[in-house]
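Report on the following structure.
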Amino acid sequence: MNARERFLATMNFEPVDRAPLWEFGYWVETLRRWYREGLVRRVGFRDSPDLVTVYGEGMIWDATLGPIDRDVHFEFGLDEGIHRVPMNSFICPPFERRVLEDDGDIVTEQDPRGHIARYKKDGSSIVHIVKALVETREDWERVKAERLQPRLEGRLPADWPEQRETLRKRDFPLCVGGFAGQAGVFHSARYLMGPERLFCGFHDQPDLVKDMMSHLADMQASLFDQILSQVDIDFAYWTEDIAYNAGPFIGPAMFREFVLPCYKKLVGVLHDHGVKIVLVDSDGDNWKLIPEFIKAGVTGMGPMEVAAHMNVYQVRQAFPRFGILGGVDKRAVAAGKEAIDRELEDKVPKTLITGGYIPHIDHGVPPDTSWENFVYYRRRLAQMIRGD
């Protein structure tokens, strides 16, 4: 089976030779360390001082997003990973990136989403939004009219016709959606308003938040409908990051009020085009929201952060037909061989046998993980996936 066939069979709980051999991604500092410790630089990537993440097979990727790893990929013979239709389904046209202040370690800039944002160059902290793009109803109406309209013009690369023909002949899984507000509604609204303003808005400005989410869903549904008339896809994937380690940011009732109607629109368009697999990426403890996502038509989730109480075997027991990606504790891989053995043996074989599971580390691999430990982990995991 090729990577596309393997992915589809796994996520549809159908017979498969084995689960895909994937990894989610890597902090750039991790790869820099591994090159020093023994990883062979066959291909490399274009490094830069402000680069934070290098994509792996389990992070949806296209050439507009950033560098993708090929050296770890070839070292372990991993399967080809997820590609996305290279469509901008969020702010279009994007804002010009402008550095407003740079003190050496911390940068303040206007980012392509229009925020005035401050962040550490080394990626060691979350981005702090100094001034959000949308703070008032007037801001929202202006942004909606100017940059959130369902027109394909300007949303695809200039060589899209050539890319489209290549994608039609693919042997890897292809999706619509993406990270950084490219699909979904909670995370997109969070990017527009900033987290604090959005969380308060659910209570103080519910009509504004509902209008934002509804419009985002309508726009994405229209864009998906247009692009799926040009190329077939295998699944949809969007990032919501709707939880943290103590639980979801909004509860089930609020999810049903604000998010569920939007998902019904999005999933309805996908079903009209024969797309059955719908995956959501969310960090944190999602236990309370998985039943709501299932009602909304979502068929799977990752990366199942262990530090946030997401045990993949327990998830499988609770939701037997819900797809799972990730779930291997990054802390155990950093700790060494005994911890790796315990982590893998405790959950991976008995979850794999139930189907619908693609195991990998529960987010990007951090730089506290040595090359020696990672090699041991990948070889042990491959043995389990292949049934050795």
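Each chain in the structure tokens gets a letter, A, B and so on, in the order shown; residues start at 1 in every chain, and ligands are counted from 1 in the order they appear.
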All residues 12 Å or closer to His271 of chain A, only C-alpha atoms, same chain fewer than 4 positions away omitted, as a list of chain:residue names:
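Close residues of His271 of chain A: A:Ala221, A:Phe224, A:Asp225, A:Leu228, A:Ile233, A:Asp234, A:Phe235, A:Ala236, A:Tyr263, A:Lys264, A:Lys265, A:Leu266, A:Val267, A:Val275, A:Lys276, A:Ile277, A:Val278, A:Gly297, A:Val298.
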Kindly export the residues of the current selection with N, CA and C atoms, as a compact mmCIF listing (two decimals), in the first residue's frame.
# COMPACT_ATOMS: atom_id res chain seq x y z
N ALA A 221 -16.72 27.30 3.80
CA ALA A 221 -17.55 26.33 3.08
C ALA A 221 -17.61 26.67 1.59
N PHE A 224 -14.15 25.87 0.07
CA PHE A 224 -13.99 24.42 -0.08
C PHE A 224 -14.81 23.92 -1.27
N ASP A 225 -16.04 24.41 -1.37
CA ASP A 225 -16.91 23.97 -2.46
C ASP A 225 -16.28 24.31 -3.81
N LEU A 228 -12.98 22.09 -4.34
CA LEU A 228 -13.24 20.66 -4.52
C LEU A 228 -13.91 20.35 -5.85
N ILE A 233 -9.98 15.51 -2.78
CA ILE A 233 -9.14 15.43 -1.59
C ILE A 233 -9.51 14.18 -0.81
N ASP A 234 -8.69 13.89 0.19
CA ASP A 234 -8.92 12.70 1.00
C ASP A 234 -9.57 13.00 2.34
N PHE A 235 -9.35 14.21 2.85
CA PHE A 235 -9.92 14.56 4.15
C PHE A 235 -9.80 16.05 4.38
N ALA A 236 -10.42 16.51 5.46
CA ALA A 236 -10.29 17.90 5.91
C ALA A 236 -9.58 17.89 7.26
N TYR A 263 -19.80 24.01 12.28
CA TYR A 263 -19.27 22.74 11.81
C TYR A 263 -20.26 22.01 10.92
N LYS A 264 -21.54 22.14 11.22
CA LYS A 264 -22.54 21.51 10.38
C LYS A 264 -22.45 22.03 8.95
N LYS A 265 -22.21 23.34 8.80
CA LYS A 265 -22.05 23.91 7.45
C LYS A 265 -20.82 23.33 6.76
N LEU A 266 -19.69 23.33 7.47
CA LEU A 266 -18.44 22.88 6.88
C LEU A 266 -18.49 21.40 6.52
N VAL A 267 -18.94 20.59 7.46
CA VAL A 267 -18.99 19.15 7.22
C VAL A 267 -20.00 18.83 6.12
N VAL A 275 -16.30 13.62 0.89
CA VAL A 275 -15.21 13.60 1.87
C VAL A 275 -15.77 13.15 3.22
N LYS A 276 -15.25 12.05 3.74
CA LYS A 276 -15.80 11.47 4.97
C LYS A 276 -14.92 11.68 6.20
N ILE A 277 -13.63 11.90 5.99
CA ILE A 277 -12.70 12.02 7.11
C ILE A 277 -12.51 13.49 7.45
N VAL A 278 -12.77 13.85 8.70
CA VAL A 278 -12.63 15.23 9.17
C VAL A 278 -11.83 15.17 10.47
N GLY A 297 -19.59 15.99 13.36
CA GLY A 297 -19.12 15.32 12.16
C GLY A 297 -17.63 15.10 12.10
N VAL A 298 -16.90 15.45 13.17
CA VAL A 298 -15.46 15.21 13.22
C VAL A 298 -15.20 13.73 13.46
Could you pull out the strand (DSSP E or B) residues of segment 184-350 of chain A from DSSP and send them as a compact mmCIF listing (two decimals) with N, CA and C atoms, in the first residue's frame?
# COMPACT_ATOMS: atom_id res chain seq x y z
N PHE A 235 -9.35 14.21 2.85
CA PHE A 235 -9.92 14.56 4.15
C PHE A 235 -9.80 16.05 4.38
N ALA A 236 -10.42 16.51 5.46
CA ALA A 236 -10.29 17.90 5.91
C ALA A 236 -9.58 17.89 7.26
N TYR A 237 -8.84 18.97 7.49
CA TYR A 237 -8.05 19.05 8.71
C TYR A 237 -8.00 20.51 9.14
N TRP A 238 -8.46 20.78 10.36
CA TRP A 238 -8.30 22.14 10.83
C TRP A 238 -7.87 22.16 12.29
N THR A 239 -7.15 23.21 12.61
CA THR A 239 -6.62 23.39 13.96
C THR A 239 -7.55 24.28 14.75
N ALA A 243 -8.39 23.73 23.76
CA ALA A 243 -8.23 23.27 25.15
C ALA A 243 -6.81 23.52 25.61
N TYR A 244 -6.63 23.44 26.91
CA TYR A 244 -5.29 23.48 27.53
C TYR A 244 -5.22 22.37 28.55
N GLY A 247 -8.31 21.52 30.74
CA GLY A 247 -9.62 21.31 30.14
C GLY A 247 -9.86 22.24 28.97
N PRO A 248 -11.05 22.20 28.38
CA PRO A 248 -11.36 23.06 27.24
C PRO A 248 -11.57 24.51 27.66
N ILE A 277 -13.63 11.90 5.99
CA ILE A 277 -12.70 12.02 7.11
C ILE A 277 -12.51 13.49 7.45
N VAL A 278 -12.77 13.85 8.70
CA VAL A 278 -12.63 15.23 9.17
C VAL A 278 -11.83 15.17 10.47
N LEU A 279 -10.62 15.73 10.46
CA LEU A 279 -9.73 15.67 11.61
C LEU A 279 -9.53 17.07 12.20
N VAL A 280 -9.41 17.10 13.51
CA VAL A 280 -9.16 18.36 14.23
C VAL A 280 -7.88 18.21 15.03
N ASP A 281 -7.04 19.24 14.96
CA ASP A 281 -5.85 19.33 15.80
C ASP A 281 -6.19 20.23 16.98
N GLY A 300 -11.88 12.36 13.88
CA GLY A 300 -10.63 12.03 14.56
C GLY A 300 -9.94 13.27 15.08
N MET A 301 -8.91 13.06 15.92
CA MET A 301 -8.23 14.18 16.57
C MET A 301 -6.79 13.80 16.90
N GLY A 302 -5.93 14.78 16.98
CA GLY A 302 -4.56 14.67 17.48
C GLY A 302 -4.19 16.01 18.07
N GLY A 323 -10.96 8.40 15.21
CA GLY A 323 -9.57 8.33 14.80
C GLY A 323 -8.65 9.07 15.76
N ILE A 324 -7.44 8.55 15.93
CA ILE A 324 -6.48 9.12 16.88
C ILE A 324 -5.13 9.26 16.19
N LEU A 325 -4.50 10.41 16.38
CA LEU A 325 -3.14 10.64 15.90
C LEU A 325 -2.29 11.15 17.06
N VAL A 328 2.10 9.77 22.00
CA VAL A 328 3.30 9.26 22.65
C VAL A 328 3.94 10.42 23.42
Give the helix (DSSP H, G or I) residues of segment 110-320 of chain A, as DSSP finds them on the backbone, and put them as a PyMOL selection string.
chain A and resi 137-147+160-168+186-193+195-204+206-227+252-272+290-295+306-308+312-318
Export of the given selection (C-alpha atoms) as a compact mmCIF listing (two decimals), in the first residue's frame:
# COMPACT_ATOMS: atom_id res chain seq x y z
CA ARG A 137 -17.90 45.60 15.72
CA GLU A 138 -16.62 48.30 13.35
CA ASP A 139 -13.25 46.53 13.11
CA TRP A 140 -15.02 43.28 12.30
CA GLU A 141 -17.24 44.73 9.58
CA ARG A 142 -14.24 46.35 7.91
CA VAL A 143 -12.07 43.21 8.01
CA LYS A 144 -14.96 41.02 6.87
CA ALA A 145 -15.64 43.24 3.85
CA GLU A 146 -12.00 43.79 2.89
CA ARG A 147 -10.21 40.51 3.65
CA TRP A 160 -1.88 26.27 -9.19
CA PRO A 161 -2.87 24.68 -12.55
CA GLU A 162 0.42 22.77 -12.62
CA GLN A 163 0.18 21.86 -8.93
CA ARG A 164 -3.38 20.67 -9.43
CA GLU A 165 -2.31 18.21 -12.11
CA THR A 166 0.45 16.87 -9.85
CA LEU A 167 -1.98 16.47 -6.94
CA ARG A 168 -4.37 14.48 -9.10
CA PHE A 186 -12.73 28.83 17.20
CA HIS A 187 -9.05 29.23 16.38
CA SER A 188 -9.78 31.58 13.49
CA ALA A 189 -11.84 33.86 15.75
CA ARG A 190 -9.09 33.63 18.34
CA TYR A 191 -6.58 34.85 15.76
CA LEU A 192 -8.85 37.75 14.83
CA MET A 193 -9.64 38.94 18.36
CA PRO A 195 -7.48 34.94 23.12
CA GLU A 196 -8.46 37.17 26.05
CA ARG A 197 -10.86 39.29 24.02
CA LEU A 198 -12.46 36.20 22.45
CA PHE A 199 -12.91 34.43 25.78
CA CYS A 200 -14.54 37.52 27.26
CA GLY A 201 -16.53 37.99 24.06
CA PHE A 202 -18.41 34.71 24.53
CA HIS A 203 -20.02 36.42 27.53
CA ASP A 204 -19.83 40.15 26.76
CA PRO A 206 -21.95 36.90 22.05
CA ASP A 207 -23.67 38.31 18.95
CA LEU A 208 -20.34 39.54 17.58
CA VAL A 209 -18.61 36.20 18.24
CA LYS A 210 -21.49 34.27 16.64
CA ASP A 211 -21.41 36.52 13.58
CA MET A 212 -17.67 36.07 13.24
CA MET A 213 -17.79 32.30 13.52
CA SER A 214 -20.81 32.00 11.23
CA HIS A 215 -19.19 34.18 8.55
CA LEU A 216 -15.90 32.29 8.80
CA ALA A 217 -17.77 29.00 8.35
CA ASP A 218 -19.75 30.35 5.38
CA MET A 219 -16.57 31.67 3.75
CA GLN A 220 -14.63 28.45 4.26
CA ALA A 221 -17.55 26.33 3.08
CA SER A 222 -17.76 28.37 -0.13
CA LEU A 223 -14.01 28.18 -0.71
CA PHE A 224 -13.99 24.42 -0.08
CA ASP A 225 -16.91 23.97 -2.46
CA GLN A 226 -15.08 25.90 -5.18
CA ILE A 227 -11.73 24.15 -4.76
CA PRO A 252 -19.96 21.56 25.87
CA ALA A 253 -22.99 23.88 26.14
CA MET A 254 -21.08 26.82 24.69
CA PHE A 255 -19.61 24.57 22.00
CA ARG A 256 -23.13 23.55 20.97
CA GLU A 257 -24.27 27.18 20.88
CA PHE A 258 -21.35 28.77 19.04
CA VAL A 259 -19.32 26.10 17.23
CA LEU A 260 -21.65 23.24 16.33
CA PRO A 261 -23.80 25.17 13.80
CA CYS A 262 -20.63 26.26 12.00
CA TYR A 263 -19.27 22.74 11.81
CA LYS A 264 -22.54 21.51 10.38
CA LYS A 265 -22.05 23.91 7.45
CA LEU A 266 -18.44 22.88 6.88
CA VAL A 267 -18.99 19.15 7.22
CA GLY A 268 -22.09 19.36 5.02
CA VAL A 269 -20.08 20.77 2.11
CA LEU A 270 -17.40 18.12 2.57
CA HIS A 271 -19.99 15.33 2.57
CA ASP A 272 -21.50 16.79 -0.62
CA ILE A 290 -14.78 14.93 21.94
CA PRO A 291 -18.46 13.88 22.15
CA GLU A 292 -19.44 17.31 20.80
CA PHE A 293 -16.91 17.12 17.97
CA ILE A 294 -18.31 13.71 17.05
CA LYS A 295 -21.84 15.18 16.91
CA VAL A 306 -0.23 13.04 27.47
CA ALA A 307 0.60 15.88 29.88
CA ALA A 308 -2.99 17.05 29.36
CA VAL A 312 -4.89 7.19 23.59
CA TYR A 313 -5.98 3.76 24.80
CA GLN A 314 -8.50 5.31 27.16
CA VAL A 315 -9.76 7.50 24.32
CA ARG A 316 -10.13 4.40 22.16
CA GLN A 317 -12.10 2.61 24.87
CA ALA A 318 -14.43 5.58 25.30
Leaving out Asp105 of chain A and any residue of its chain fewer than 4 positions from it, which residues lie within 12 Å of it when counting only C-alpha atoms, given as a list in words?
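My list of contacting residues is Pro49, Asp50, Glu101, Arg118, Tyr119, Lys120, Lys121, Asp122, Gly123, Ser124 and Ser125 of chain A.
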Neighbouring residues of His363 of chain A were defined as those with any atom within 10 Å, considering only C-alpha atoms; residues of the same chain fewer than 5 positions away were excluded. Please report them as a VMD selection string.
chain A and resid 23 to 27 58 to 59 283 302 to 306 326 to 330
If you keep C-alpha atoms, can you produce a file of those selected residues as an mmCIF file, in the first residue's frame?
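Listing of out.cif after writing:
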data_model
loop_
_atom_site.group_PDB
_atom_site.id
_atom_site.type_symbol
_atom_site.label_atom_id
_atom_site.label_comp_id
_atom_site.auth_asym_id
_atom_site.auth_seq_id
_atom_site.Cartn_x
_atom_site.Cartn_y
_atom_site.Cartn_z
ATOM 1 C CA GLU A 23 6.243 11.947 13.042
ATOM 2 C CA PHE A 24 4.456 15.214 13.817
ATOM 3 C CA GLY A 25 7.298 17.717 13.559
ATOM 4 C CA TYR A 26 10.338 19.174 15.284
ATOM 5 C CA TRP A 27 11.563 22.279 16.997
ATOM 6 C CA GLY A 58 1.860 14.362 10.479
ATOM 7 C CA MET A 59 1.752 18.163 10.143
ATOM 8 C CA ASP A 283 -3.691 20.674 22.177
ATOM 9 C CA GLY A 302 -4.564 14.671 17.479
ATOM 10 C CA PRO A 303 -1.971 15.148 18.839
ATOM 11 C CA MET A 304 -3.377 13.764 22.154
ATOM 12 C CA GLU A 305 -1.032 15.424 24.641
ATOM 13 C CA VAL A 306 -0.225 13.042 27.472
ATOM 14 C CA GLY A 326 -0.160 11.073 18.225
ATOM 15 C CA GLY A 327 -0.329 10.230 21.910
ATOM 16 C CA VAL A 328 3.305 9.262 22.652
ATOM 17 C CA ASP A 329 4.574 11.303 25.599
ATOM 18 C CA LYS A 330 7.416 13.596 24.518
#
